[in-house]
$ cat data03.cif   # mmCIF, C-alpha atoms, pLDDT in the B column; chains and numbers go by the auth columns
data_my_file
loop_
_atom_site.group_PDB
_atom_site.id
_atom_site.type_symbol
_atom_site.label_atom_id
_atom_site.label_comp_id
_atom_site.label_asym_id
_atom_site.label_seq_id
_atom_site.Cartn_x
_atom_site.Cartn_y
_atom_site.Cartn_z
_atom_site.B_iso_or_equiv
_atom_site.auth_seq_id
_atom_site.auth_asym_id
ATOM 1 C CA MET A 1 100.119 97.569 110.003 47.00 1 A
ATOM 2 C CA ASN A 2 99.872 94.423 107.886 48.00 2 A
ATOM 3 C CA THR A 3 96.814 94.481 105.622 52.00 3 A
ATOM 4 C CA GLN A 4 97.372 91.049 104.085 49.00 4 A
ATOM 5 C CA GLU A 5 96.253 87.759 105.518 50.00 5 A
ATOM 6 C CA PRO A 6 99.098 85.492 106.692 55.00 6 A
ATOM 7 C CA ASN A 7 100.262 83.014 104.038 54.00 7 A
ATOM 8 C CA SER A 8 97.961 84.580 101.475 73.00 8 A
ATOM 9 C CA ASN A 9 98.030 86.911 98.499 89.00 9 A
ATOM 10 C CA LYS A 10 94.738 88.478 99.625 94.00 10 A
ATOM 11 C CA GLN A 11 94.409 92.003 100.945 97.00 11 A
ATOM 12 C CA VAL A 12 91.813 93.849 102.957 98.00 12 A
ATOM 13 C CA TYR A 13 89.530 96.390 101.261 98.00 13 A
ATOM 14 C CA GLU A 14 87.317 98.864 103.087 98.00 14 A
ATOM 15 C CA VAL A 15 83.843 99.318 101.566 98.00 15 A
ATOM 16 C CA PHE A 16 82.094 102.705 101.470 97.00 16 A
ATOM 17 C CA ALA A 17 78.664 103.497 100.022 97.00 17 A
ATOM 18 C CA ARG A 18 75.879 106.074 99.795 96.00 18 A
ATOM 19 C CA ARG A 19 72.154 105.737 99.090 95.00 19 A
ATOM 20 C CA LYS A 20 71.372 109.337 98.030 94.00 20 A
ATOM 21 C CA TYR A 21 73.391 112.040 96.270 94.00 21 A
ATOM 22 C CA GLU A 22 73.225 114.308 99.312 96.00 22 A
ATOM 23 C CA ASP A 23 74.500 111.563 101.652 95.00 23 A
ATOM 24 C CA PRO A 24 78.213 111.279 102.385 96.00 24 A
ATOM 25 C CA LEU A 25 79.994 108.029 101.638 95.00 25 A
ATOM 26 C CA TYR A 26 80.020 106.008 104.825 95.00 26 A
ATOM 27 C CA HIS A 27 81.845 102.876 105.875 97.00 27 A
ATOM 28 C CA VAL A 28 79.653 99.797 105.413 97.00 28 A
ATOM 29 C CA GLY A 29 82.221 97.055 105.976 97.00 29 A
ATOM 30 C CA MET A 30 85.231 95.295 104.547 98.00 30 A
ATOM 31 C CA VAL A 31 86.130 92.436 102.236 98.00 31 A
ATOM 32 C CA THR A 32 89.259 90.364 101.697 98.00 32 A
ATOM 33 C CA ALA A 33 90.213 89.630 98.096 98.00 33 A
ATOM 34 C CA PRO A 34 93.268 88.850 95.949 97.00 34 A
ATOM 35 C CA ASP A 35 92.677 91.811 93.608 97.00 35 A
ATOM 36 C CA ASP A 36 90.542 94.895 92.948 97.00 36 A
ATOM 37 C CA GLU A 37 88.180 93.126 90.550 97.00 37 A
ATOM 38 C CA LEU A 38 87.228 90.414 93.025 98.00 38 A
ATOM 39 C CA ALA A 39 86.974 92.992 95.815 98.00 39 A
ATOM 40 C CA VAL A 40 84.279 94.722 93.733 97.00 40 A
ATOM 41 C CA VAL A 41 82.410 91.448 93.202 97.00 41 A
ATOM 42 C CA TYR A 42 82.626 90.520 96.892 98.00 42 A
ATOM 43 C CA ALA A 43 81.468 93.966 98.034 97.00 43 A
ATOM 44 C CA ARG A 44 78.457 93.927 95.690 96.00 44 A
ATOM 45 C CA THR A 45 77.555 90.414 96.809 96.00 45 A
ATOM 46 C CA ILE A 46 77.975 90.918 100.546 96.00 46 A
ATOM 47 C CA TYR A 47 76.610 94.459 100.922 96.00 47 A
ATOM 48 C CA ASP A 48 73.631 94.281 98.559 90.00 48 A
ATOM 49 C CA GLU A 49 70.954 94.782 101.235 88.00 49 A
ATOM 50 C CA TRP A 50 70.396 98.403 100.126 86.00 50 A
ATOM 51 C CA ASN A 51 69.813 99.968 96.742 90.00 51 A
ATOM 52 C CA TRP A 52 73.121 101.872 96.739 94.00 52 A
ATOM 53 C CA LEU A 53 73.628 104.906 94.556 96.00 53 A
ATOM 54 C CA GLU A 54 77.408 104.577 94.855 96.00 54 A
ATOM 55 C CA MET A 55 79.787 102.025 96.362 97.00 55 A
ATOM 56 C CA VAL A 56 83.593 102.048 96.440 97.00 56 A
ATOM 57 C CA VAL A 57 86.274 99.691 97.697 98.00 57 A
ATOM 58 C CA VAL A 58 89.603 101.031 98.907 97.00 58 A
ATOM 59 C CA PRO A 59 92.645 98.885 99.671 97.00 59 A
ATOM 60 C CA ARG A 60 93.278 99.330 103.375 96.00 60 A
ATOM 61 C CA LYS A 61 96.982 99.867 102.639 96.00 61 A
ATOM 62 C CA ALA A 62 96.037 102.992 100.616 96.00 62 A
ATOM 63 C CA ILE A 63 94.450 104.726 103.610 93.00 63 A
ATOM 64 C CA VAL A 64 96.575 107.529 105.027 94.00 64 A
ATOM 65 C CA HIS A 65 95.890 108.285 108.677 92.00 65 A
ATOM 66 C CA VAL A 66 95.620 111.912 109.724 94.00 66 A
ATOM 67 C CA ILE A 67 95.132 110.966 113.376 93.00 67 A
ATOM 68 C CA GLU A 68 95.799 107.382 114.447 88.00 68 A
ATOM 69 C CA PRO A 69 94.224 105.720 117.462 86.00 69 A
ATOM 70 C CA GLU A 70 96.632 105.032 120.289 83.00 70 A
#

$ encode --input "data03.cif" --output "structure tokens"
Amino acid sequence: MNTQEPNSNKQVYEVFARRKYEDPLYHVGMVTAPDDELAVVYARTIYDEWNWLEMVVVPRKAIVHVIEPE
């Protein structure tokens, strides 16, 4: 699976967040950015509708599938 945009140095990052300590991290969306630092900025800017306790961005290429959809 190609996680980069065609003719671009950008990659896709999945965004996960939680609002309370007892909540699990859950998928809130994705951003496309040229590097980790800008992915953080984009995620904070785009997904700021909640007062998040924790938010993480993960390069899509780093995700290891246990079970893949057919």

$ residues_around --input "data03.cif" --residues "A:Asp35" --least-positions-apart "4" --cutoff "12 Å" --atoms "only C-alpha atoms" --output "PDB file with C-alpha atoms, in the coordinates of the input"
ATOM      1  CA  GLN A   4      97.372  91.049 104.085  1.00 49.00           C
ATOM      2  CA  SER A   8      97.961  84.580 101.475  1.00 73.00           C
ATOM      3  CA  ASN A   9      98.030  86.911  98.499  1.00 89.00           C
ATOM      4  CA  LYS A  10      94.738  88.478  99.625  1.00 94.00           C
ATOM      5  CA  GLN A  11      94.409  92.003 100.945  1.00 97.00           C
ATOM      6  CA  VAL A  12      91.813  93.849 102.957  1.00 98.00           C
ATOM      7  CA  TYR A  13      89.530  96.390 101.261  1.00 98.00           C
ATOM      8  CA  VAL A  31      86.130  92.436 102.236  1.00 98.00           C
ATOM      9  CA  ALA A  39      86.974  92.992  95.815  1.00 98.00           C
ATOM     10  CA  VAL A  40      84.279  94.722  93.733  1.00 97.00           C
ATOM     11  CA  VAL A  41      82.410  91.448  93.202  1.00 97.00           C
ATOM     12  CA  TYR A  42      82.626  90.520  96.892  1.00 98.00           C
ATOM     13  CA  VAL A  57      86.274  99.691  97.697  1.00 98.00           C
ATOM     14  CA  VAL A  58      89.603 101.031  98.907  1.00 97.00           C
ATOM     15  CA  PRO A  59      92.645  98.885  99.671  1.00 97.00           C
TER      16      PRO A  59
END

$ closest_residue --input "data03.cif" --among "A:Val15, A:Ile46, A:Leu38, A:Val28" --to "A:Arg60" --atoms "all atoms listed in the file"
A:Val15

$ resolve_selection --input "data03.cif" --expression "the PyMOL selection byres ((chain A and resi 53) around 7)" --output "ChimeraX atom specification"
/A:18-20,51-52,54

$ atom_distance --input "data03.cif" --atom1 "atom CA of A:Glu14" --atom2 "atom CA of A:Glu70"
20.5 Å

$ atom_distance --input "data03.cif" --atom1 "atom CA of A:Tyr21" --atom2 "atom CA of A:Trp50"
14.5 Å

$ closest_residue --input "data03.cif" --among "A:Ala43, A:Val56, A:Ala62, A:Ile67" --to "A:Tyr26" --atoms "only C-alpha atoms"
A:Val56

$ closest_residue --input "data03.cif" --among "A:Met55, A:Tyr47, A:His65, A:Asp36" --to "A:Pro24" --atoms "all atoms listed in the file"
A:Met55

$ atom_distance --input "data03.cif" --atom1 "atom CA of A:Val66" --atom2 "atom CA of A:Thr32"
23.9 Å

$ decode --input "data03.cif" --residues "stretch 20-45 of chain A" --atoms "N, CA and C atoms" --output "PDB file, in the first residue's frame"
ATOM      1  N   LYS A  20     -10.076  11.439  28.341  1.00  0.00           N
ATOM      2  CA  LYS A  20      -9.934  11.124  29.762  1.00  0.00           C
ATOM      3  C   LYS A  20      -8.911   9.998  29.912  1.00  0.00           C
ATOM      4  N   TYR A  21      -8.269   9.944  31.085  1.00  0.00           N
ATOM      5  CA  TYR A  21      -7.268   8.895  31.312  1.00  0.00           C
ATOM      6  C   TYR A  21      -7.834   7.504  31.111  1.00  0.00           C
ATOM      7  N   GLU A  22      -9.073   7.285  31.540  1.00  0.00           N
ATOM      8  CA  GLU A  22      -9.654   5.943  31.452  1.00  0.00           C
ATOM      9  C   GLU A  22     -10.130   5.585  30.046  1.00  0.00           C
ATOM     10  N   ASP A  23     -10.180   6.560  29.136  1.00  0.00           N
ATOM     11  CA  ASP A  23     -10.581   6.285  27.756  1.00  0.00           C
ATOM     12  C   ASP A  23      -9.422   5.665  26.975  1.00  0.00           C
ATOM     13  N   PRO A  24      -9.744   4.777  26.039  1.00  0.00           N
ATOM     14  CA  PRO A  24      -8.681   4.298  25.140  1.00  0.00           C
ATOM     15  C   PRO A  24      -8.377   5.372  24.099  1.00  0.00           C
ATOM     16  N   LEU A  25      -7.212   5.293  23.483  1.00  0.00           N
ATOM     17  CA  LEU A  25      -6.958   6.138  22.323  1.00  0.00           C
ATOM     18  C   LEU A  25      -7.896   5.666  21.218  1.00  0.00           C
ATOM     19  N   TYR A  26      -8.515   6.599  20.525  1.00  0.00           N
ATOM     20  CA  TYR A  26      -9.343   6.196  19.398  1.00  0.00           C
ATOM     21  C   TYR A  26      -9.021   7.049  18.181  1.00  0.00           C
ATOM     22  N   HIS A  27      -9.285   6.485  17.030  1.00  0.00           N
ATOM     23  CA  HIS A  27      -8.940   7.123  15.763  1.00  0.00           C
ATOM     24  C   HIS A  27      -9.848   8.320  15.536  1.00  0.00           C
ATOM     25  N   VAL A  28      -9.250   9.510  15.364  1.00  0.00           N
ATOM     26  CA  VAL A  28     -10.053  10.711  15.136  1.00  0.00           C
ATOM     27  C   VAL A  28      -9.922  11.233  13.714  1.00  0.00           C
ATOM     28  N   GLY A  29      -8.948  10.729  12.957  1.00  0.00           N
ATOM     29  CA  GLY A  29      -8.792  11.193  11.585  1.00  0.00           C
ATOM     30  C   GLY A  29      -7.398  10.968  11.057  1.00  0.00           C
ATOM     31  N   MET A  30      -7.061  11.726  10.027  1.00  0.00           N
ATOM     32  CA  MET A  30      -5.739  11.617   9.417  1.00  0.00           C
ATOM     33  C   MET A  30      -5.309  12.967   8.882  1.00  0.00           C
ATOM     34  N   VAL A  31      -3.998  13.117   8.725  1.00  0.00           N
ATOM     35  CA  VAL A  31      -3.422  14.311   8.115  1.00  0.00           C
ATOM     36  C   VAL A  31      -2.356  13.869   7.123  1.00  0.00           C
ATOM     37  N   THR A  32      -2.039  14.739   6.193  1.00  0.00           N
ATOM     38  CA  THR A  32      -0.961  14.508   5.238  1.00  0.00           C
ATOM     39  C   THR A  32       0.059  15.611   5.448  1.00  0.00           C
ATOM     40  N   ALA A  33       1.327  15.204   5.659  1.00  0.00           N
ATOM     41  CA  ALA A  33       2.371  16.179   5.964  1.00  0.00           C
ATOM     42  C   ALA A  33       3.720  15.673   5.467  1.00  0.00           C
ATOM     43  N   PRO A  34       4.676  16.591   5.249  1.00  0.00           N
ATOM     44  CA  PRO A  34       5.998  16.176   4.779  1.00  0.00           C
ATOM     45  C   PRO A  34       6.884  15.584   5.879  1.00  0.00           C
ATOM     46  N   ASP A  35       6.550  15.852   7.148  1.00  0.00           N
ATOM     47  CA  ASP A  35       7.378  15.330   8.240  1.00  0.00           C
ATOM     48  C   ASP A  35       6.574  15.258   9.532  1.00  0.00           C
ATOM     49  N   ASP A  36       7.165  14.617  10.554  1.00  0.00           N
ATOM     50  CA  ASP A  36       6.477  14.420  11.826  1.00  0.00           C
ATOM     51  C   ASP A  36       6.087  15.742  12.491  1.00  0.00           C
ATOM     52  N   GLU A  37       6.982  16.714  12.443  1.00  0.00           N
ATOM     53  CA  GLU A  37       6.712  17.988  13.117  1.00  0.00           C
ATOM     54  C   GLU A  37       5.490  18.699  12.540  1.00  0.00           C
ATOM     55  N   LEU A  38       5.390  18.727  11.225  1.00  0.00           N
ATOM     56  CA  LEU A  38       4.213  19.368  10.619  1.00  0.00           C
ATOM     57  C   LEU A  38       2.967  18.518  10.804  1.00  0.00           C
ATOM     58  N   ALA A  39       3.116  17.203  10.866  1.00  0.00           N
ATOM     59  CA  ALA A  39       1.961  16.343  11.139  1.00  0.00           C
ATOM     60  C   ALA A  39       1.364  16.684  12.501  1.00  0.00           C
ATOM     61  N   VAL A  40       2.216  16.948  13.484  1.00  0.00           N
ATOM     62  CA  VAL A  40       1.753  17.352  14.819  1.00  0.00           C
ATOM     63  C   VAL A  40       0.991  18.673  14.739  1.00  0.00           C
ATOM     64  N   VAL A  41       1.548  19.643  14.048  1.00  0.00           N
ATOM     65  CA  VAL A  41       0.904  20.951  13.914  1.00  0.00           C
ATOM     66  C   VAL A  41      -0.448  20.808  13.207  1.00  0.00           C
ATOM     67  N   TYR A  42      -0.486  20.061  12.116  1.00  0.00           N
ATOM     68  CA  TYR A  42      -1.729  19.880  11.375  1.00  0.00           C
ATOM     69  C   TYR A  42      -2.788  19.184  12.224  1.00  0.00           C
ATOM     70  N   ALA A  43      -2.381  18.142  12.951  1.00  0.00           N
ATOM     71  CA  ALA A  43      -3.337  17.404  13.785  1.00  0.00           C
ATOM     72  C   ALA A  43      -3.922  18.305  14.871  1.00  0.00           C
ATOM     73  N   ARG A  44      -3.063  19.094  15.525  1.00  0.00           N
ATOM     74  CA  ARG A  44      -3.564  19.997  16.577  1.00  0.00           C
ATOM     75  C   ARG A  44      -4.502  21.043  15.994  1.00  0.00           C
ATOM     76  N   THR A  45      -4.200  21.517  14.806  1.00  0.00           N
ATOM     77  CA  THR A  45      -5.014  22.549  14.170  1.00  0.00           C
ATOM     78  C   THR A  45      -6.354  22.001  13.690  1.00  0.00           C
TER      79      THR A  45
END
